[in-house]
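Chemist: Before I ask anything, let me first share the structure, which is written out below as structure tokens.
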Amino acid sequence: MMDFFYTPGTCSQAAHILLREAGLAFRAHKVDIFSGKVEDGSNYRAINPNGYVPAIAFDDGTLLTENVALLDWIDAQRTDAGSPTPMERYRHLQMLAFLSTEVHKPFVRMFFTESEDEKTYLRQVLAQRFAWIGSVMRGRHILGEHFSASDAFGYVMLRWAAMVELEVPERLQALAGLIEARDSVRTVLAAEEQELLGMAA
């Protein structure tokens, strides 16, 4: 059984949701990324030298890190995900990369900067990027009619938007409500002691 390392409410929540969605067996370990300690008191950097989450440690000693890699790997294990065409797979990777670099990273800057000017600029950037996601949605979910890794990651970013009271398109508000109704999401939120957003689907 694999070991999954996460910090509640962070970007690792996307992989946590997708692991539940895929029905994979795993042991979950909460990490304090500021102290570098796993909940059992062990040194997280002894497992992942980079010190951040998420990470999956497999029984054979292999360590998989980086959210895009984890989400892509987990998605590939899902028996209900179907067989994407080459272009569908590239679109899948495109959206995961966009969420990771163009949405996640500006949020991290916003959370830690003390400059109000920078916060204002980052809010404008994020508003534009959420607008783009809404504009390319091809169905009820980000990549069409079915739940995917992009939805898990996108949902976490929408939670962050709500935290900073950043307005997002109505289509994405509806998406957040739709995702939040899933059993996998509610199970993870309960495990991570996080509140529901309560956006209407």
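Numbering starts fresh at 1 for the residues of each chain in the structure tokens, the chains themselves are lettered A, B, ... in the order given, and ligands are numbered from 1 as they appear.
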Excluding same-chain residues fewer than 5 positions from A:Glu180, what lies within 8 Å of it counting only C-alpha atoms, as a PyMOL selection string?
Modeler: chain A and resi 185-186+196-198
Chemist: Might you pull out every residue within 7 Å of A:Arg27, with only C-alpha atoms counted and same-chain residues fewer than 4 positions away left off, and present them as a count of residues only?
Modeler: 3
Chemist: So how many Å separate atom CA of A:Leu172 and atom CA of A:His141, to one decimal?
Modeler: 8.9 Å
Chemist: Based on DSSP run over this structure's backbone, return all residues of stretch 10-65 of chain A in alpha helix (DSSP H), as a VMD selection string.
Modeler: chain A and resid 12 to 22
Chemist: Keeping only C-alpha atoms, write the selected residues to a file as a CSV table (one decimal), in the first residue's frame.
Modeler:
```csv
chain,number,residue,atom,x,y,z
A,12,SER,CA,-2.2,18.4,-2.0
A,13,GLN,CA,-5.9,18.3,-1.4
A,14,ALA,CA,-6.4,17.8,-5.2
A,15,ALA,CA,-4.4,14.5,-5.1
A,16,HIS,CA,-6.1,13.5,-1.9
A,17,ILE,CA,-9.5,13.9,-3.6
A,18,LEU,CA,-8.4,12.1,-6.7
A,19,LEU,CA,-7.0,9.2,-4.7
A,20,ARG,CA,-10.5,8.8,-3.1
A,21,GLU,CA,-12.1,9.2,-6.5
A,22,ALA,CA,-10.0,6.4,-7.9
```
Chemist: Any idea what's packed within 12 Å of stretch 60-68 of chain A, counting only C-alpha atoms, ignoring anything in its chain fewer than 3 positions away? Could you give it as a ChimeraX atom specification?
Modeler: /A:1-6,10-16,18,46-57,71-75,92-101,104,149-150,152-153
Chemist: Just the selected residues (C-alpha atoms), exported as a PDB file, in the first residue's frame, please.
Modeler:
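Printed below is part.pdb as written:
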```pdb
ATOM      1  CA  MET A   1       0.000   0.000   0.000  1.00  0.00           C
ATOM      2  CA  MET A   2       1.308   3.459  -0.880  1.00  0.00           C
ATOM      3  CA  ASP A   3       1.861   6.307   1.563  1.00  0.00           C
ATOM      4  CA  PHE A   4       0.373   9.696   0.726  1.00  0.00           C
ATOM      5  CA  PHE A   5       1.732  12.861   2.328  1.00  0.00           C
ATOM      6  CA  TYR A   6      -0.446  15.967   2.476  1.00  0.00           C
ATOM      7  CA  THR A  10      -3.037  23.066   0.436  1.00  0.00           C
ATOM      8  CA  CYS A  11      -2.670  22.039  -3.208  1.00  0.00           C
ATOM      9  CA  SER A  12      -2.155  18.441  -2.006  1.00  0.00           C
ATOM     10  CA  GLN A  13      -5.902  18.342  -1.416  1.00  0.00           C
ATOM     11  CA  ALA A  14      -6.380  17.804  -5.162  1.00  0.00           C
ATOM     12  CA  ALA A  15      -4.396  14.549  -5.122  1.00  0.00           C
ATOM     13  CA  HIS A  16      -6.134  13.529  -1.894  1.00  0.00           C
ATOM     14  CA  LEU A  18      -8.409  12.079  -6.716  1.00  0.00           C
ATOM     15  CA  ALA A  46      13.945  12.273   5.144  1.00  0.00           C
ATOM     16  CA  ILE A  47      11.096  11.164   2.869  1.00  0.00           C
ATOM     17  CA  ASN A  48      10.925  14.120   0.480  1.00  0.00           C
ATOM     18  CA  PRO A  49      14.105  16.251   0.571  1.00  0.00           C
ATOM     19  CA  ASN A  50      12.251  19.155  -1.083  1.00  0.00           C
ATOM     20  CA  GLY A  51       9.980  19.376   1.953  1.00  0.00           C
ATOM     21  CA  TYR A  52       6.715  20.212   0.202  1.00  0.00           C
ATOM     22  CA  VAL A  53       3.521  18.299  -0.513  1.00  0.00           C
ATOM     23  CA  PRO A  54       2.020  16.276  -2.049  1.00  0.00           C
ATOM     24  CA  ALA A  55       4.114  13.147  -2.326  1.00  0.00           C
ATOM     25  CA  ILE A  56       3.441   9.438  -2.737  1.00  0.00           C
ATOM     26  CA  ALA A  57       5.891   6.834  -1.488  1.00  0.00           C
ATOM     27  CA  LEU A  71      -2.633  13.884 -10.535  1.00  0.00           C
ATOM     28  CA  ASP A  72      -1.738  12.465 -13.934  1.00  0.00           C
ATOM     29  CA  TRP A  73      -0.624   9.141 -12.414  1.00  0.00           C
ATOM     30  CA  ILE A  74      -3.718   8.815 -10.219  1.00  0.00           C
ATOM     31  CA  ASP A  75      -6.023   9.728 -13.097  1.00  0.00           C
ATOM     32  CA  HIS A  92      -5.473  17.280 -19.802  1.00  0.00           C
ATOM     33  CA  LEU A  93      -1.773  18.036 -19.270  1.00  0.00           C
ATOM     34  CA  GLN A  94      -2.217  21.577 -20.540  1.00  0.00           C
ATOM     35  CA  MET A  95      -4.884  22.339 -17.937  1.00  0.00           C
ATOM     36  CA  LEU A  96      -2.947  20.715 -15.082  1.00  0.00           C
ATOM     37  CA  ALA A  97       0.145  22.710 -16.027  1.00  0.00           C
ATOM     38  CA  PHE A  98      -1.884  25.927 -16.275  1.00  0.00           C
ATOM     39  CA  LEU A  99      -3.441  25.372 -12.855  1.00  0.00           C
ATOM     40  CA  SER A 100      -0.059  24.552 -11.337  1.00  0.00           C
ATOM     41  CA  THR A 101       1.950  27.443 -12.765  1.00  0.00           C
ATOM     42  CA  HIS A 104      -1.393  28.075  -7.951  1.00  0.00           C
ATOM     43  CA  ALA A 149      -7.919  15.574 -12.326  1.00  0.00           C
ATOM     44  CA  SER A 150      -8.343  19.144 -13.575  1.00  0.00           C
ATOM     45  CA  ALA A 152      -9.924  18.214  -8.424  1.00  0.00           C
ATOM     46  CA  PHE A 153      -7.113  20.759  -8.807  1.00  0.00           C
TER      47      PHE A 153
END
```
Chemist: Go through A:Thr7, A:Ala76, A:Phe130, A:Asp117 one by one, measure the shortest atom-to-atom distance of each to A:Tyr44 using only C-alpha atoms, and give the residue with the smallest value.
Modeler: A:Thr7
Chemist: Could you please determine the separation between atom CA of A:Asp151 and atom CA of A:Ala176 in Å, to one decimal place?
Modeler: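 These two atoms are separated by 8.6 Å.
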Chemist: Can you pull out every residue within 12 Å of A:Tyr121, counting only C-alpha atoms, but drop anything in the same chain fewer than 4 positions away, and send it as a tab-separated table (two decimals) with N, CA, C and O atoms, in the first residue's frame?
Modeler:
```tsv
chain	number	residue	atom	x	y	z
A	106	PRO	N	0.58	32.22	-8.45
A	106	PRO	CA	0.18	33.57	-8.04
A	106	PRO	C	-0.51	33.59	-6.67
A	106	PRO	O	-0.34	34.54	-5.91
A	107	PHE	N	-1.29	32.55	-6.38
A	107	PHE	CA	-1.92	32.49	-5.06
A	107	PHE	C	-0.87	32.42	-3.96
A	107	PHE	O	-0.99	33.10	-2.93
A	109	ARG	N	2.15	33.56	-3.98
A	109	ARG	CA	2.72	34.91	-3.85
A	109	ARG	C	1.77	35.81	-3.06
A	109	ARG	O	2.20	36.57	-2.19
A	110	MET	N	0.48	35.74	-3.37
A	110	MET	CA	-0.48	36.59	-2.68
A	110	MET	C	-0.54	36.29	-1.18
A	110	MET	O	-0.65	37.20	-0.35
A	113	THR	N	3.02	37.80	0.34
A	113	THR	CA	3.51	39.16	0.15
A	113	THR	C	2.88	40.11	1.16
A	113	THR	O	1.73	39.92	1.58
A	115	SER	N	3.01	43.40	0.31
A	115	SER	CA	2.76	44.55	-0.56
A	115	SER	C	1.31	44.56	-1.03
A	115	SER	O	0.86	43.63	-1.71
A	116	GLU	N	0.58	45.61	-0.70
A	116	GLU	CA	-0.81	45.72	-1.15
A	116	GLU	C	-0.88	45.91	-2.66
A	116	GLU	O	-1.82	45.44	-3.31
A	117	ASP	N	0.11	46.61	-3.22
A	117	ASP	CA	0.14	46.79	-4.67
A	117	ASP	C	0.28	45.45	-5.38
A	117	ASP	O	-0.37	45.19	-6.40
A	125	VAL	N	-4.54	39.35	-12.06
A	125	VAL	CA	-4.00	38.22	-12.82
A	125	VAL	C	-4.86	36.99	-12.62
A	125	VAL	O	-5.25	36.30	-13.59
A	126	LEU	N	-5.18	36.69	-11.38
A	126	LEU	CA	-5.97	35.49	-11.08
A	126	LEU	C	-7.39	35.59	-11.65
A	126	LEU	O	-7.93	34.60	-12.15
A	127	ALA	N	-7.98	36.77	-11.59
A	127	ALA	CA	-9.32	36.96	-12.17
A	127	ALA	C	-9.30	36.65	-13.65
A	127	ALA	O	-10.21	35.99	-14.19
A	128	GLN	N	-8.26	37.11	-14.35
A	128	GLN	CA	-8.13	36.84	-15.79
A	128	GLN	C	-7.95	35.34	-16.06
A	128	GLN	O	-8.52	34.80	-17.02
```
Chemist: Record the distance separating atom CA of A:Leu178 and atom CA of A:Arg159, expressed in Å with one decimal.
Modeler: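 Computing the Euclidean distance for atom CA of A:Leu178 and atom CA of A:Arg159 yields 13.2 Å.
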